[in-house]
file protein23.txt (compact mmCIF, C-alpha atoms and all ligand atoms)
# COMPACT_ATOMS: atom_id res chain seq x y z
CA MET A 1 0.00 0.00 0.00
CA ASP A 2 1.33 3.40 -1.00
CA PHE A 3 -0.58 6.66 -0.64
CA THR A 4 -0.34 10.34 0.20
CA ILE A 5 -3.20 12.19 1.85
CA ASN A 6 -3.49 15.85 2.72
CA PRO A 7 -5.00 16.27 6.19
CA LEU A 8 -8.60 17.34 5.79
CA ALA A 9 -8.17 20.87 6.95
CA ASN A 10 -11.64 21.93 7.98
CA ARG A 11 -13.57 21.29 11.15
CA ILE A 12 -16.80 19.38 10.61
CA VAL A 13 -19.75 19.76 12.98
CA PHE A 14 -22.50 17.38 11.90
CA GLY A 15 -25.91 16.71 13.41
CA LEU A 16 -29.60 17.56 13.60
CA GLY A 17 -29.94 21.08 14.96
CA ALA A 18 -26.18 21.74 14.64
CA THR A 19 -26.91 25.28 13.41
CA ALA A 20 -27.57 26.17 17.05
CA LYS A 21 -23.81 25.82 17.57
CA LEU A 22 -23.02 28.60 15.08
CA SER A 23 -22.41 31.23 17.72
CA ALA A 24 -19.97 28.96 19.60
CA GLU A 25 -18.19 28.12 16.36
CA ILE A 26 -17.77 31.82 15.54
CA ASP A 27 -16.27 32.27 19.01
CA ALA A 28 -13.95 29.31 18.47
CA LEU A 29 -12.52 31.02 15.39
CA GLY A 30 -11.91 34.18 17.39
CA GLY A 31 -14.69 36.04 15.62
CA SER A 32 -17.25 38.42 17.07
CA ARG A 33 -18.51 40.31 13.99
CA ALA A 34 -19.86 37.85 11.42
CA MET A 35 -21.30 38.75 8.02
CA ILE A 36 -23.72 36.23 6.52
CA VAL A 37 -23.71 35.52 2.77
CA CYS A 38 -26.78 33.94 1.12
CA THR A 39 -29.25 34.34 -1.76
CA ALA A 40 -32.17 36.77 -1.61
CA GLY A 41 -34.48 33.74 -1.51
CA ALA A 42 -32.82 32.41 1.63
CA ALA A 43 -32.91 35.69 3.57
CA GLY A 44 -36.31 34.94 5.17
CA ARG A 45 -35.34 31.42 6.10
CA ILE A 46 -32.19 32.52 7.89
CA ALA A 47 -33.92 35.24 9.92
CA PRO A 48 -34.03 33.03 13.06
CA ILE A 49 -30.28 32.39 12.72
CA VAL A 50 -29.57 36.13 12.47
CA GLU A 51 -31.74 36.74 15.50
CA ALA A 52 -30.03 34.01 17.53
CA LEU A 53 -26.60 35.46 16.74
CA GLY A 54 -27.61 38.88 18.04
CA SER A 55 -24.72 41.34 18.03
CA ALA A 56 -22.34 38.65 16.70
CA CYS A 57 -23.97 39.16 13.27
CA VAL A 58 -23.14 42.59 11.87
CA GLY A 59 -24.83 42.21 8.49
CA VAL A 60 -26.35 39.99 5.81
CA PHE A 61 -25.24 40.09 2.17
CA ALA A 62 -28.25 38.44 0.45
CA GLU A 63 -27.24 39.15 -3.13
CA VAL A 64 -25.68 35.87 -4.21
CA GLN A 65 -26.27 34.98 -7.88
CA PRO A 66 -25.76 31.63 -9.63
CA HIS A 67 -22.22 30.98 -10.94
CA CYS A 68 -20.65 33.79 -8.86
CA PRO A 69 -20.42 36.81 -11.18
CA GLU A 70 -17.33 38.91 -10.44
CA GLU A 71 -19.38 42.03 -9.61
CA VAL A 72 -21.29 40.16 -6.90
CA VAL A 73 -18.07 38.86 -5.38
CA LEU A 74 -16.59 42.38 -5.36
CA ALA A 75 -19.76 43.79 -3.79
CA ALA A 76 -19.62 41.14 -1.05
CA ILE A 77 -15.99 42.00 -0.28
CA GLU A 78 -16.82 45.70 -0.15
CA ARG A 79 -19.75 45.09 2.21
CA PHE A 80 -17.61 42.85 4.42
CA ARG A 81 -15.00 45.62 4.74
CA SER A 82 -17.53 48.39 5.30
CA LEU A 83 -19.14 46.36 8.10
CA ASP A 84 -15.71 45.78 9.64
CA ALA A 85 -16.63 42.10 9.85
CA ASP A 86 -14.09 39.60 11.15
CA CYS A 87 -15.57 36.35 9.87
CA LEU A 88 -17.94 35.12 7.21
CA VAL A 89 -20.85 32.70 7.45
CA SER A 90 -21.91 31.28 4.06
CA ILE A 91 -25.36 29.71 4.17
CA GLY A 92 -26.80 27.98 1.10
CA GLY A 93 -25.83 25.90 -1.90
CA GLY A 94 -22.72 25.94 -4.06
CA SER A 95 -23.20 29.52 -5.26
CA SER A 96 -23.45 31.00 -1.75
CA ILE A 97 -20.49 29.01 -0.49
CA ASP A 98 -18.43 29.77 -3.60
CA THR A 99 -19.14 33.50 -3.26
CA GLY A 100 -17.54 33.34 0.18
CA LYS A 101 -14.36 31.69 -1.10
CA PRO A 102 -12.73 34.61 -2.95
CA LEU A 103 -13.77 36.80 -0.01
CA ALA A 104 -11.82 34.55 2.36
CA VAL A 105 -8.83 34.60 0.01
CA GLU A 106 -8.96 38.39 -0.38
CA THR A 107 -9.52 39.32 3.27
CA GLY A 108 -7.72 36.46 5.02
CA LYS A 109 -10.69 36.11 7.41
CA PRO A 110 -12.15 32.71 8.34
CA THR A 111 -15.37 31.29 6.90
CA ILE A 112 -17.99 29.02 8.41
CA ALA A 113 -20.12 27.23 5.81
CA VAL A 114 -23.64 25.98 6.47
CA PRO A 115 -24.59 24.00 3.34
CA THR A 116 -28.25 23.57 2.38
CA THR A 117 -27.67 21.39 -0.71
CA TYR A 118 -25.48 18.42 -1.63
CA SER A 119 -22.94 20.29 -3.79
CA GLY A 120 -19.99 19.44 -1.54
CA SER A 121 -18.48 22.86 -2.28
CA GLU A 122 -17.98 23.54 1.45
CA VAL A 123 -15.18 20.98 1.70
CA THR A 124 -13.28 21.88 -1.47
CA PRO A 125 -10.81 24.72 -2.11
CA LEU A 126 -12.21 24.99 -5.67
CA TYR A 127 -14.39 27.83 -6.92
CA GLY A 128 -15.22 29.69 -10.11
CA ILE A 129 -15.91 33.33 -10.85
CA VAL A 130 -17.72 34.52 -13.99
CA ILE A 131 -15.88 37.40 -15.63
CA SER A 132 -17.59 38.76 -18.77
CA ASP A 133 -19.55 35.55 -19.40
CA ARG A 134 -16.62 33.17 -18.94
CA LYS A 135 -16.17 31.09 -15.83
CA LYS A 136 -12.63 31.08 -14.50
CA GLY A 137 -11.77 28.26 -12.12
CA HIS A 138 -9.55 28.68 -9.08
CA ARG A 139 -8.03 26.39 -6.48
CA ASP A 140 -6.75 28.06 -3.35
CA ASP A 141 -6.42 26.43 0.07
CA ARG A 142 -7.20 29.78 1.74
CA ALA A 143 -10.69 29.51 0.19
CA LEU A 144 -11.58 26.40 2.17
CA PRO A 145 -14.12 27.13 4.91
CA ARG A 146 -12.47 26.67 8.31
CA THR A 147 -15.60 25.13 9.82
CA VAL A 148 -18.56 23.38 8.22
CA ILE A 149 -21.83 22.99 10.09
CA TYR A 150 -23.89 20.18 8.56
CA ASP A 151 -27.44 20.40 9.85
CA PRO A 152 -29.91 18.12 8.02
CA GLU A 153 -32.74 20.43 9.16
CA MET A 154 -31.22 23.13 6.93
CA THR A 155 -31.80 20.95 3.84
CA THR A 156 -35.53 20.32 4.22
CA GLY A 157 -36.33 23.40 2.12
CA LEU A 158 -34.62 21.87 -0.90
CA SER A 159 -37.28 20.97 -3.50
CA PRO A 160 -37.63 17.34 -4.63
CA TYR A 161 -36.07 18.22 -8.00
CA ALA A 162 -33.14 20.15 -6.51
CA THR A 163 -32.63 17.33 -4.00
CA ALA A 164 -32.44 14.78 -6.81
CA ILE A 165 -30.06 16.64 -9.13
CA SER A 166 -27.84 17.93 -6.33
CA GLY A 167 -27.78 14.37 -4.99
CA MET A 168 -26.78 12.95 -8.39
CA ASN A 169 -23.91 15.46 -8.48
CA SER A 170 -22.72 14.22 -5.11
CA LEU A 171 -23.16 10.60 -6.15
CA ALA A 172 -21.01 11.32 -9.21
CA HIS A 173 -18.26 12.71 -6.98
CA CYS A 174 -18.22 9.39 -5.12
CA VAL A 175 -18.42 7.18 -8.23
CA GLU A 176 -15.50 8.94 -9.94
CA ALA A 177 -13.43 8.65 -6.77
CA LEU A 178 -13.54 4.85 -7.12
CA TYR A 179 -11.15 4.97 -10.11
CA PRO A 180 -8.73 7.87 -9.50
CA ALA A 181 -5.50 8.62 -11.33
CA THR A 182 -3.59 7.80 -8.16
CA PRO A 183 -5.10 5.05 -6.03
CA ASN A 184 -6.09 6.28 -2.58
CA PRO A 185 -7.54 3.74 -0.14
CA ILE A 186 -8.97 6.46 2.14
CA ALA A 187 -10.85 8.04 -0.74
CA THR A 188 -12.18 4.60 -1.68
CA LEU A 189 -13.55 4.11 1.85
CA PHE A 190 -15.15 7.55 1.82
CA ALA A 191 -16.58 7.06 -1.67
CA GLU A 192 -18.13 3.71 -0.89
CA ALA A 193 -19.67 5.01 2.33
CA GLY A 194 -20.89 8.08 0.44
CA ILE A 195 -22.60 5.99 -2.23
CA ARG A 196 -24.34 3.86 0.38
CA ALA A 197 -25.54 6.93 2.27
CA LEU A 198 -26.77 8.73 -0.85
CA VAL A 199 -28.55 5.69 -2.27
CA ALA A 200 -30.22 5.18 1.12
CA GLY A 201 -31.11 8.82 1.72
CA LEU A 202 -31.92 10.46 -1.60
CA PRO A 203 -35.12 8.70 -2.76
CA ALA A 204 -36.81 9.19 0.62
CA SER A 205 -35.62 12.83 0.78
CA VAL A 206 -37.16 13.40 -2.67
CA ALA A 207 -40.39 11.71 -1.62
CA THR A 208 -40.70 13.49 1.74
CA SER A 209 -38.77 16.74 2.13
CA GLY A 210 -39.06 16.67 5.91
CA ASP A 211 -37.80 13.10 6.41
CA LEU A 212 -34.92 13.99 8.71
CA GLN A 213 -33.48 10.49 8.83
CA ALA A 214 -33.24 10.41 5.03
CA ARG A 215 -31.93 13.99 4.94
CA THR A 216 -29.22 13.02 7.43
CA GLN A 217 -28.05 10.14 5.22
CA ALA A 218 -28.08 12.30 2.08
CA LEU A 219 -26.14 15.13 3.73
CA TYR A 220 -23.59 12.71 5.16
CA GLY A 221 -23.11 11.28 1.66
CA ALA A 222 -22.71 14.78 0.24
CA TYR A 223 -19.99 15.55 2.78
CA LEU A 224 -18.12 12.41 1.78
CA GLY A 225 -18.64 13.18 -1.93
CA GLY A 226 -17.20 16.68 -1.61
CA THR A 227 -14.29 15.35 0.39
CA VAL A 228 -13.28 12.75 -2.19
CA VAL A 229 -13.25 15.34 -4.99
CA THR A 230 -10.59 17.19 -3.03
CA LEU A 231 -8.68 13.98 -2.30
CA VAL A 232 -8.56 12.42 -5.76
CA GLY A 233 -10.14 14.71 -8.38
CA ILE A 234 -12.48 14.02 -11.29
CA ALA A 235 -12.49 12.25 -14.67
CA LEU A 236 -14.58 11.82 -17.83
CA HIS A 237 -17.98 12.16 -16.19
CA HIS A 238 -17.40 15.53 -14.59
CA ARG A 239 -15.38 16.88 -17.51
CA THR A 240 -18.25 16.02 -19.85
CA CYS A 241 -20.70 17.76 -17.51
CA HIS A 242 -18.48 20.86 -17.56
CA VAL A 243 -18.51 20.84 -21.39
CA LEU A 244 -22.30 20.50 -21.42
CA GLY A 245 -22.62 23.33 -18.91
CA GLY A 246 -19.99 25.65 -20.33
CA SER A 247 -20.84 25.34 -24.04
CA TYR A 248 -24.44 24.10 -24.21
CA GLY A 249 -26.10 25.74 -21.21
CA ILE A 250 -27.07 22.50 -19.44
CA SER A 251 -27.04 22.92 -15.65
CA HIS A 252 -24.44 20.98 -13.67
CA GLY A 253 -27.09 19.02 -11.79
CA ASP A 254 -29.08 18.06 -14.90
CA ALA A 255 -25.91 17.09 -16.76
CA ASN A 256 -24.83 14.93 -13.81
CA ALA A 257 -28.12 13.08 -13.68
CA VAL A 258 -28.05 12.28 -17.40
CA ILE A 259 -24.35 11.52 -17.89
CA LEU A 260 -23.42 9.53 -14.76
CA PRO A 261 -24.97 6.21 -15.85
CA HIS A 262 -23.42 6.52 -19.33
CA ALA A 263 -19.94 7.56 -18.15
CA THR A 264 -20.08 4.65 -15.70
CA ALA A 265 -20.92 2.23 -18.53
CA TYR A 266 -18.10 3.74 -20.64
CA ASN A 267 -15.54 3.24 -17.88
CA ALA A 268 -16.84 -0.13 -16.63
CA PRO A 269 -14.61 -2.32 -18.87
CA ALA A 270 -11.50 -0.55 -17.53
CA THR A 271 -12.50 -0.48 -13.85
CA PRO A 272 -13.67 -3.91 -12.67
CA ALA A 273 -12.63 -3.35 -9.04
CA ALA A 274 -14.44 0.00 -8.87
CA MET A 275 -17.54 -1.50 -10.47
CA ALA A 276 -17.58 -4.33 -7.95
CA ILE A 277 -17.55 -1.79 -5.09
CA LEU A 278 -20.19 0.36 -6.80
CA GLY A 279 -22.39 -2.66 -7.49
CA GLN A 280 -22.18 -3.77 -3.89
CA ALA A 281 -22.86 -0.31 -2.53
CA MET A 282 -25.90 0.03 -4.81
CA GLY A 283 -27.11 -3.51 -4.25
CA SER A 284 -27.02 -4.26 -7.99
CA ASP A 285 -25.04 -6.42 -10.39
CA ASP A 286 -25.43 -3.79 -13.12
CA PRO A 287 -24.18 -0.46 -11.68
CA ALA A 288 -24.74 1.71 -14.80
CA ALA A 289 -28.33 0.51 -15.16
CA ALA A 290 -28.88 0.97 -11.40
CA LEU A 291 -27.69 4.60 -11.61
CA TYR A 292 -30.05 5.23 -14.54
CA ASP A 293 -32.96 3.66 -12.65
CA LEU A 294 -32.17 5.70 -9.55
CA ALA A 295 -32.12 8.98 -11.52
CA GLN A 296 -35.34 8.07 -13.29
CA SER A 297 -37.09 7.06 -10.07
CA MET A 298 -36.27 10.46 -8.57
CA GLY A 299 -37.69 12.29 -11.58
CA THR A 300 -34.45 13.77 -12.91
CA PRO A 301 -33.91 14.11 -16.66
CA THR A 302 -32.44 11.02 -18.33
CA ASP A 303 -31.72 12.44 -21.81
CA LEU A 304 -29.89 15.44 -23.25
CA LYS A 305 -32.53 15.97 -25.96
CA SER A 306 -35.18 17.20 -23.53
CA LEU A 307 -32.60 19.54 -22.00
CA GLY A 308 -32.26 21.39 -25.30
CA MET A 309 -29.08 19.77 -26.59
CA LYS A 310 -28.91 19.55 -30.40
CA GLU A 311 -27.94 16.26 -32.02
CA SER A 312 -25.79 18.23 -34.47
CA ASP A 313 -23.64 19.42 -31.54
CA LEU A 314 -22.72 15.93 -30.33
CA ASP A 315 -19.59 15.66 -32.51
CA ALA A 316 -18.19 18.93 -31.21
CA ALA A 317 -19.13 18.06 -27.61
CA THR A 318 -17.32 14.71 -27.97
CA GLU A 319 -14.19 16.43 -29.24
CA GLN A 320 -14.33 18.98 -26.45
CA ALA A 321 -14.80 16.29 -23.78
CA ILE A 322 -11.68 14.51 -25.06
CA GLU A 323 -9.78 17.78 -25.06
CA VAL A 324 -10.61 18.77 -21.48
CA THR A 325 -10.35 15.37 -19.79
CA ALA A 326 -6.86 15.18 -18.34
CA TYR A 327 -7.32 11.76 -16.82
CA ASN A 328 -9.70 8.86 -17.38
CA PRO A 329 -9.27 5.17 -16.57
CA ARG A 330 -10.42 4.11 -20.07
CA PRO A 331 -8.70 5.80 -23.03
CA LEU A 332 -10.88 8.39 -24.69
CA GLU A 333 -11.61 7.40 -28.27
CA PHE A 334 -13.88 9.47 -30.45
CA GLY A 335 -16.07 6.57 -31.70
CA PRO A 336 -17.07 5.01 -28.37
CA LEU A 337 -17.34 8.39 -26.68
CA ARG A 338 -19.55 9.77 -29.45
CA GLU A 339 -21.72 6.69 -29.00
CA MET A 340 -21.88 7.37 -25.26
CA LEU A 341 -23.16 10.89 -25.92
CA GLN A 342 -25.65 9.61 -28.50
CA ASN A 343 -27.05 7.23 -25.88
CA ALA A 344 -27.17 10.08 -23.35
CA TYR A 345 -28.88 12.27 -25.95
CA GLU A 346 -31.56 9.67 -26.61
CA GLY A 347 -31.89 8.66 -22.96
CA ASN A 348 -31.15 4.97 -23.57
CA ARG A 349 -30.72 2.84 -20.46
CA PRO A 350 -27.05 1.81 -20.33
CA THR A 351 -25.90 -1.52 -19.00
CA SER A 352 -22.62 -2.71 -17.43
CA PRO A 353 -23.20 -6.16 -15.95
CA LEU A 354 -20.59 -7.22 -13.43
CA ALA A 355 -18.52 -10.22 -14.38
CA ALA A 356 -19.91 -13.32 -12.70
FE FE A 401 -19.88 18.19 -9.40
call {"tool": "encode", "arguments": {"input": "protein23.txt", "output": "structure tokens", "more": "lines below"}}
Ligand SMILES: [Fe+2]
result
Amino acid sequence: MDFTINPLANRIVFGLGATAKLSAEIDALGGSRAMIVCTAGAAGRIAPIVEALGSACVGVFAEVQPHCPEEVVLAAIERFRSLDADCLVSIGGGSSIDTGKPLAVETGKPTIAVPTTYSGSEVTPLYGIVISDRKKGHRDDRALPRTVIYDPEMTTGLSPYATAISGMNSLAHCVEALYPATPNPIATLFAEAGIRALVAGLPASVATSGDLQARTQALYGAYLGGTVVTLVGIALHHRTCHVLGGSYGISHGDANAVILPHATAYNAPATPAAMAILGQAMGSDDPAAALYDLAQSMGTPTDLKSLGMKESDLDAATEQAIEVTAYNPRPLEFGPLREMLQNAYEGNRPTSPLAA
């Protein structure tokens, strides 16, 4: 056995009602003047949190926009400075948490993240900022929230659809961590546990938003999914999703739900050990088909056609996916990959039976 692992730098506080510990966590970081960052839609929902913090909360920046436009990030930094805040509390999904990251880098002040979706952004140092319509990606360890408060009660407002697509994104983080460029046994443990938790928690969370037991499982899986992205990175599946998002306007969650079963089927011949783990974790001897069935059962899209993708763009998308994928366990050949995208376009159910 041979592996290198970076210590997971952030403090994780997980549990039902954990948001009540926010004030103590601000104290623990040496803060006394927190600014909260969230979307306008979340402002009402966080009112009780603001009230509970009292004078420890000096302001709320509720102007987060999807994909973190540069002007919003700059406005948040300016507000933070004008409030003389000494720590940041990011509450929300990937966009809220990602808006806080450049602020932490720029000001050097600590961040506490309270995620309300399954994006996993709170445990990665990765973020993107949109500058004149182009998203620029960054990786900076100073961007990593110092503390993450995972409170399943904070996720019950997530709609069934958002739960399903955000959950498929997290599931994809775990699946791709089973076949990394550099084997990492810790990431494998996390990924397998993450898949089990997500498969157990997502369908019931979609069916009943307030099912706290299911929400706990799903959020635990999302934590593990975000963590393994940082540990071992991504491959064909996520790169393809980034192409579909960046060039064809398909949202990251939708792209994840459609592509994951197909990318899994594409990689299955090259990753028998990973497929055996995935099959066991999903309770299926055909992991790609099981992923497709899971997505379909939760009501997520299963084809690119209904998401507005044009068949005439599939050649270019295939070429772009090959271009941007730095690592994949199975070599990327135009023919088979084009076929994968055709199947994803049509919404065909893929299959990858495990060897007997
Ligand atoms: Fe993702």
call {"tool": "residues_near_ligand", "arguments": {"input": "protein23.txt", "ligand": "ligand FE 401 (chain A)", "cutoff": "9 Å", "atoms": "only C-alpha atoms and all ligand atoms", "output": "mmCIF file with C-alpha atoms, in the coordinates of the input"}}
result
data_model
loop_
_atom_site.group_PDB
_atom_site.id
_atom_site.type_symbol
_atom_site.label_atom_id
_atom_site.label_comp_id
_atom_site.auth_asym_id
_atom_site.auth_seq_id
_atom_site.Cartn_x
_atom_site.Cartn_y
_atom_site.Cartn_z
ATOM 1 C CA SER A 119 -22.940 20.290 -3.790
ATOM 2 C CA GLY A 120 -19.990 19.440 -1.540
ATOM 3 C CA SER A 121 -18.480 22.860 -2.280
ATOM 4 C CA SER A 166 -27.840 17.930 -6.330
ATOM 5 C CA MET A 168 -26.780 12.950 -8.390
ATOM 6 C CA ASN A 169 -23.910 15.460 -8.480
ATOM 7 C CA SER A 170 -22.720 14.220 -5.110
ATOM 8 C CA LEU A 171 -23.160 10.600 -6.150
ATOM 9 C CA ALA A 172 -21.010 11.320 -9.210
ATOM 10 C CA HIS A 173 -18.260 12.710 -6.980
ATOM 11 C CA GLY A 226 -17.200 16.680 -1.610
ATOM 12 C CA VAL A 229 -13.250 15.340 -4.990
ATOM 13 C CA ILE A 234 -12.480 14.020 -11.290
ATOM 14 C CA HIS A 238 -17.400 15.530 -14.590
ATOM 15 C CA CYS A 241 -20.700 17.760 -17.510
ATOM 16 C CA HIS A 242 -18.480 20.860 -17.560
ATOM 17 C CA HIS A 252 -24.440 20.980 -13.670
ATOM 18 C CA GLY A 253 -27.090 19.020 -11.790
ATOM 19 C CA ASN A 256 -24.830 14.930 -13.810
#
call {"tool": "residues_around", "arguments": {"input": "protein23.txt", "residues": "Gln296 (chain A)", "least_positions_apart": "6", "cutoff": "12 Å", "atoms": "all atoms listed in the file", "output": "list of chain:residue names"}}
result
A:Tyr161, A:Ala164, A:Ile165, A:Met168, A:Pro203, A:Asp254, A:Ala257, A:Val258, A:Pro261, A:Ala289, A:Ala290, A:Thr302, A:Asp303, A:Gly347, A:Asn348, A:Arg349
call {"tool": "write_last_selection", "arguments": {"input": "protein23.txt", "atoms": "C-alpha atoms", "output": "PDB file, in the coordinates of the input"}}
result
ATOM      1  CA  TYR A 161     -36.070  18.220  -8.000  1.00  0.00           C
ATOM      2  CA  ALA A 164     -32.440  14.780  -6.810  1.00  0.00           C
ATOM      3  CA  ILE A 165     -30.060  16.640  -9.130  1.00  0.00           C
ATOM      4  CA  MET A 168     -26.780  12.950  -8.390  1.00  0.00           C
ATOM      5  CA  PRO A 203     -35.120   8.700  -2.760  1.00  0.00           C
ATOM      6  CA  ASP A 254     -29.080  18.060 -14.900  1.00  0.00           C
ATOM      7  CA  ALA A 257     -28.120  13.080 -13.680  1.00  0.00           C
ATOM      8  CA  VAL A 258     -28.050  12.280 -17.400  1.00  0.00           C
ATOM      9  CA  PRO A 261     -24.970   6.210 -15.850  1.00  0.00           C
ATOM     10  CA  ALA A 289     -28.330   0.510 -15.160  1.00  0.00           C
ATOM     11  CA  ALA A 290     -28.880   0.970 -11.400  1.00  0.00           C
ATOM     12  CA  THR A 302     -32.440  11.020 -18.330  1.00  0.00           C
ATOM     13  CA  ASP A 303     -31.720  12.440 -21.810  1.00  0.00           C
ATOM     14  CA  GLY A 347     -31.890   8.660 -22.960  1.00  0.00           C
ATOM     15  CA  ASN A 348     -31.150   4.970 -23.570  1.00  0.00           C
ATOM     16  CA  ARG A 349     -30.720   2.840 -20.460  1.00  0.00           C
TER      17      ARG A 349
END
call {"tool": "residues_around", "arguments": {"input": "protein23.txt", "residues": "Ile322 (chain A)", "least_positions_apart": "2", "cutoff": "9 Å", "atoms": "all atoms listed in the file", "output": "PDB file with C-alpha atoms, in the coordinates of the input"}}
result
ATOM      1  CA  LEU A 236     -14.580  11.820 -17.830  1.00  0.00           C
ATOM      2  CA  ARG A 239     -15.380  16.880 -17.510  1.00  0.00           C
ATOM      3  CA  THR A 240     -18.250  16.020 -19.850  1.00  0.00           C
ATOM      4  CA  ALA A 317     -19.130  18.060 -27.610  1.00  0.00           C
ATOM      5  CA  THR A 318     -17.320  14.710 -27.970  1.00  0.00           C
ATOM      6  CA  GLU A 319     -14.190  16.430 -29.240  1.00  0.00           C
ATOM      7  CA  GLN A 320     -14.330  18.980 -26.450  1.00  0.00           C
ATOM      8  CA  VAL A 324     -10.610  18.770 -21.480  1.00  0.00           C
ATOM      9  CA  THR A 325     -10.350  15.370 -19.790  1.00  0.00           C
ATOM     10  CA  ALA A 326      -6.860  15.180 -18.340  1.00  0.00           C
ATOM     11  CA  LEU A 332     -10.880   8.390 -24.690  1.00  0.00           C
ATOM     12  CA  GLU A 333     -11.610   7.400 -28.270  1.00  0.00           C
ATOM     13  CA  PHE A 334     -13.880   9.470 -30.450  1.00  0.00           C
ATOM     14  CA  LEU A 337     -17.340   8.390 -26.680  1.00  0.00           C
TER      15      LEU A 337
END
call {"tool": "atom_distance", "arguments": {"input": "protein23.txt", "atom1": "CA of Pro331 (chain A)", "atom2": "CA of Thr271 (chain A)"}}
result
11.8 Å
call {"tool": "closest_residue", "arguments": {"input": "protein23.txt", "among": "A:Ala222, A:Met340, A:Leu202, A:Val58", "to": "Asn267 (chain A)", "atoms": "all atoms listed in the file"}}
result
A:Met340
call {"tool": "residues_around", "arguments": {"input": "protein23.txt", "residues": "region 97-111 of chain A", "least_positions_apart": "2", "cutoff": "6 Å", "atoms": "only C-alpha atoms", "output": "count of residues only"}}
result
14
call {"tool": "closest_residue", "arguments": {"input": "protein23.txt", "among": "A:Arg134, A:Arg11, A:Arg33, A:Arg79", "to": "Ser247 (chain A)", "atoms": "all atoms listed in the file"}}
result
A:Arg134
call {"tool": "atom_distance", "arguments": {"input": "protein23.txt", "atom1": "CA of Leu341 (chain A)", "atom2": "CA of Ala316 (chain A)"}}
result
10.8 Å
call {"tool": "residues_around", "arguments": {"input": "protein23.txt", "residues": "region 277-285 of chain A", "least_positions_apart": "6", "cutoff": "7 Å", "atoms": "all atoms listed in the file", "output": "list in words"}}
result
Glu192, Ile195, Arg196, Val199, Pro353 and Leu354 of chain A
call {"tool": "write_last_selection", "arguments": {"input": "protein23.txt", "atoms": "C-alpha atoms", "output": "CSV table (one decimal), in the frame of the given file"}}
result
chain,number,residue,atom,x,y,z
A,192,GLU,CA,-18.1,3.7,-0.9
A,195,ILE,CA,-22.6,6.0,-2.2
A,196,ARG,CA,-24.3,3.9,0.4
A,199,VAL,CA,-28.6,5.7,-2.3
A,353,PRO,CA,-23.2,-6.2,-16.0
A,354,LEU,CA,-20.6,-7.2,-13.4
call {"tool": "atom_distance", "arguments": {"input": "protein23.txt", "atom1": "CA of Thr351 (chain A)", "atom2": "CA of Ala321 (chain A)"}}
result
21.5 Å
call {"tool": "residues_around", "arguments": {"input": "protein23.txt", "residues": "Ile149 (chain A)", "least_positions_apart": "6", "cutoff": "6 Å", "atoms": "all atoms listed in the file", "output": "ChimeraX atom specification"}}
result
/A:13-14,114
call {"tool": "closest_residue", "arguments": {"input": "protein23.txt", "among": "A:Ala62, A:Ile91, A:Ala42, A:Cys174", "to": "Ala235 (chain A)", "atoms": "all atoms listed in the file"}}
result
A:Cys174
call {"tool": "closest_residue", "arguments": {"input": "protein23.txt", "among": "A:Gly246, A:Pro185, A:Pro272, A:Gly30", "to": "Lys135 (chain A)", "atoms": "all atoms listed in the file"}}
result
A:Gly246
call {"tool": "closest_residue", "arguments": {"input": "protein23.txt", "among": "A:Tyr327, A:Phe3, A:Phe61, A:Tyr266", "to": "Ser96 (chain A)", "atoms": "only C-alpha atoms"}}
result
A:Phe61
call {"tool": "closest_residue", "arguments": {"input": "protein23.txt", "among": "A:Ile12, A:Gly93, A:Pro66, A:Val175", "to": "Gly128 (chain A)", "atoms": "only C-alpha atoms"}}
result
A:Pro66
